[in-house]
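Report on one structure; see the data block that follows.
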Amino acid sequence: ATEMAKTINVSVDFIYEKLRMHEKRITQPSETPFDLALKAVKKLQDSSKFSFDNLDFIIYASNGIFDFQMWSPSAKIQDYLIAKKAFTFDLINGCN
């Protein structure tokens with residue numbers, strides 16, 4: 001936030017207040033967007049009593065750059081959760 005404030009010539013408080021930016025998290029070089037999504041799914045799974053058999057949809061939204069070509073991250077999450085009834089799709093919105 002300090003670096004950004006200097007670059008655009010505003011106060012650090014402005015950055016905190018308007019952008020709600022207090023820290024910048026940096027992934028490990030080996031971590032992929034799907035790894036982050038799976039961590040979030042695991043955290044939800046551990047903290048919820050919800051039965052994932054009851055899921056209707058699993059939507060994986062991304063910028064369009066997948067970890068692998070020709071695969072479906074949402075289907076991989078469905079497989080991990082064993083959410084057999086869920087309809088899955090991947091939402092790609094690269095430039096928007």
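Identifiers in the structure tokens: chain A, B, ... in order shown; residue index from 1 per chain; ligand index from 1 in order shown.
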(request) Find the residues around Asn54 in chain A up to 8 Å (only C-alpha atoms counted), leave out those fewer than 3 positions away in its own chain, and share them as an MDAnalysis selection string. (result) chainID A and resid 51 83 85:86
Can I get the selected residues back with all heavy atoms, as a PDB file, in the first residue's frame?
ATOM      1  N   SER A  51     -23.837 -30.837   3.485  1.00  0.00           N
ATOM      2  CA  SER A  51     -23.586 -32.038   2.697  1.00  0.00           C
ATOM      3  C   SER A  51     -23.362 -31.643   1.241  1.00  0.00           C
ATOM      4  O   SER A  51     -24.259 -31.094   0.599  1.00  0.00           O
ATOM      5  CB  SER A  51     -24.782 -32.994   2.793  1.00  0.00           C
ATOM      6  OG  SER A  51     -24.627 -34.032   1.856  1.00  0.00           O
ATOM      7  N   ALA A  83     -19.373 -34.551  -5.264  1.00  0.00           N
ATOM      8  CA  ALA A  83     -20.679 -33.895  -5.396  1.00  0.00           C
ATOM      9  C   ALA A  83     -21.313 -34.355  -6.703  1.00  0.00           C
ATOM     10  O   ALA A  83     -21.344 -33.629  -7.695  1.00  0.00           O
ATOM     11  CB  ALA A  83     -20.503 -32.384  -5.364  1.00  0.00           C
ATOM     12  N   LYS A  85     -24.260 -34.832  -7.856  1.00  0.00           N
ATOM     13  CA  LYS A  85     -25.460 -34.226  -8.435  1.00  0.00           C
ATOM     14  C   LYS A  85     -25.220 -32.817  -8.974  1.00  0.00           C
ATOM     15  O   LYS A  85     -26.081 -32.259  -9.642  1.00  0.00           O
ATOM     16  CB  LYS A  85     -26.569 -34.174  -7.389  1.00  0.00           C
ATOM     17  CG  LYS A  85     -26.997 -35.543  -6.903  1.00  0.00           C
ATOM     18  CD  LYS A  85     -28.017 -35.412  -5.797  1.00  0.00           C
ATOM     19  CE  LYS A  85     -28.331 -36.777  -5.199  1.00  0.00           C
ATOM     20  NZ  LYS A  85     -29.213 -36.679  -4.041  1.00  0.00           N
ATOM     21  N   ALA A  86     -24.073 -32.249  -8.669  1.00  0.00           N
ATOM     22  CA  ALA A  86     -23.816 -30.856  -9.037  1.00  0.00           C
ATOM     23  C   ALA A  86     -23.512 -30.711 -10.526  1.00  0.00           C
ATOM     24  O   ALA A  86     -22.773 -31.499 -11.097  1.00  0.00           O
ATOM     25  CB  ALA A  86     -22.660 -30.303  -8.216  1.00  0.00           C
TER      26      ALA A  86
END
(message) as a list in words, please: every residue in chain A that a backbone DSSP assignment puts in strand (DSSP E).
(response) Phe57, Ile58, Ile59, Tyr60, Ala61, Ser62, Phe87, Thr88, Phe89, Asp90, Leu91 and Ile92 of chain A
(message) Which residue is closest to Lys24 in chain A? Choose from A:Ala1, A:Val41, A:Ala75, A:Leu55 and count only C-alpha atoms.
(response)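 Looking at the shortest contact to Lys24 in chain A, the residue is A:Ala1.
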(message) Please determine, counting only C-alpha atoms, which residue among A:Leu44, A:Ala37, A:Lys49, A:Asn93 has the shortest atom-to-atom distance to Ser74 in chain A.
(response)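 Answer, going by the shortest atom-to-atom distance: A:Ala37.
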(request) One decimal, Å: what's the distance from CA of Phe89 in chain A over to CA of Ile58 in chain A, could you say? (result)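 Here the two named atoms are 6.7 Å from each other.
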(request) Have a look at A:Ser48, A:Asp53, A:Met21, A:Tyr60 and name the one nearest to Leu36 in chain A; count only C-alpha atoms. (result)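 Going through A:Ser48, A:Asp53, A:Met21, A:Tyr60 one by one, the smallest distance to Leu36 in chain A is for A:Tyr60.
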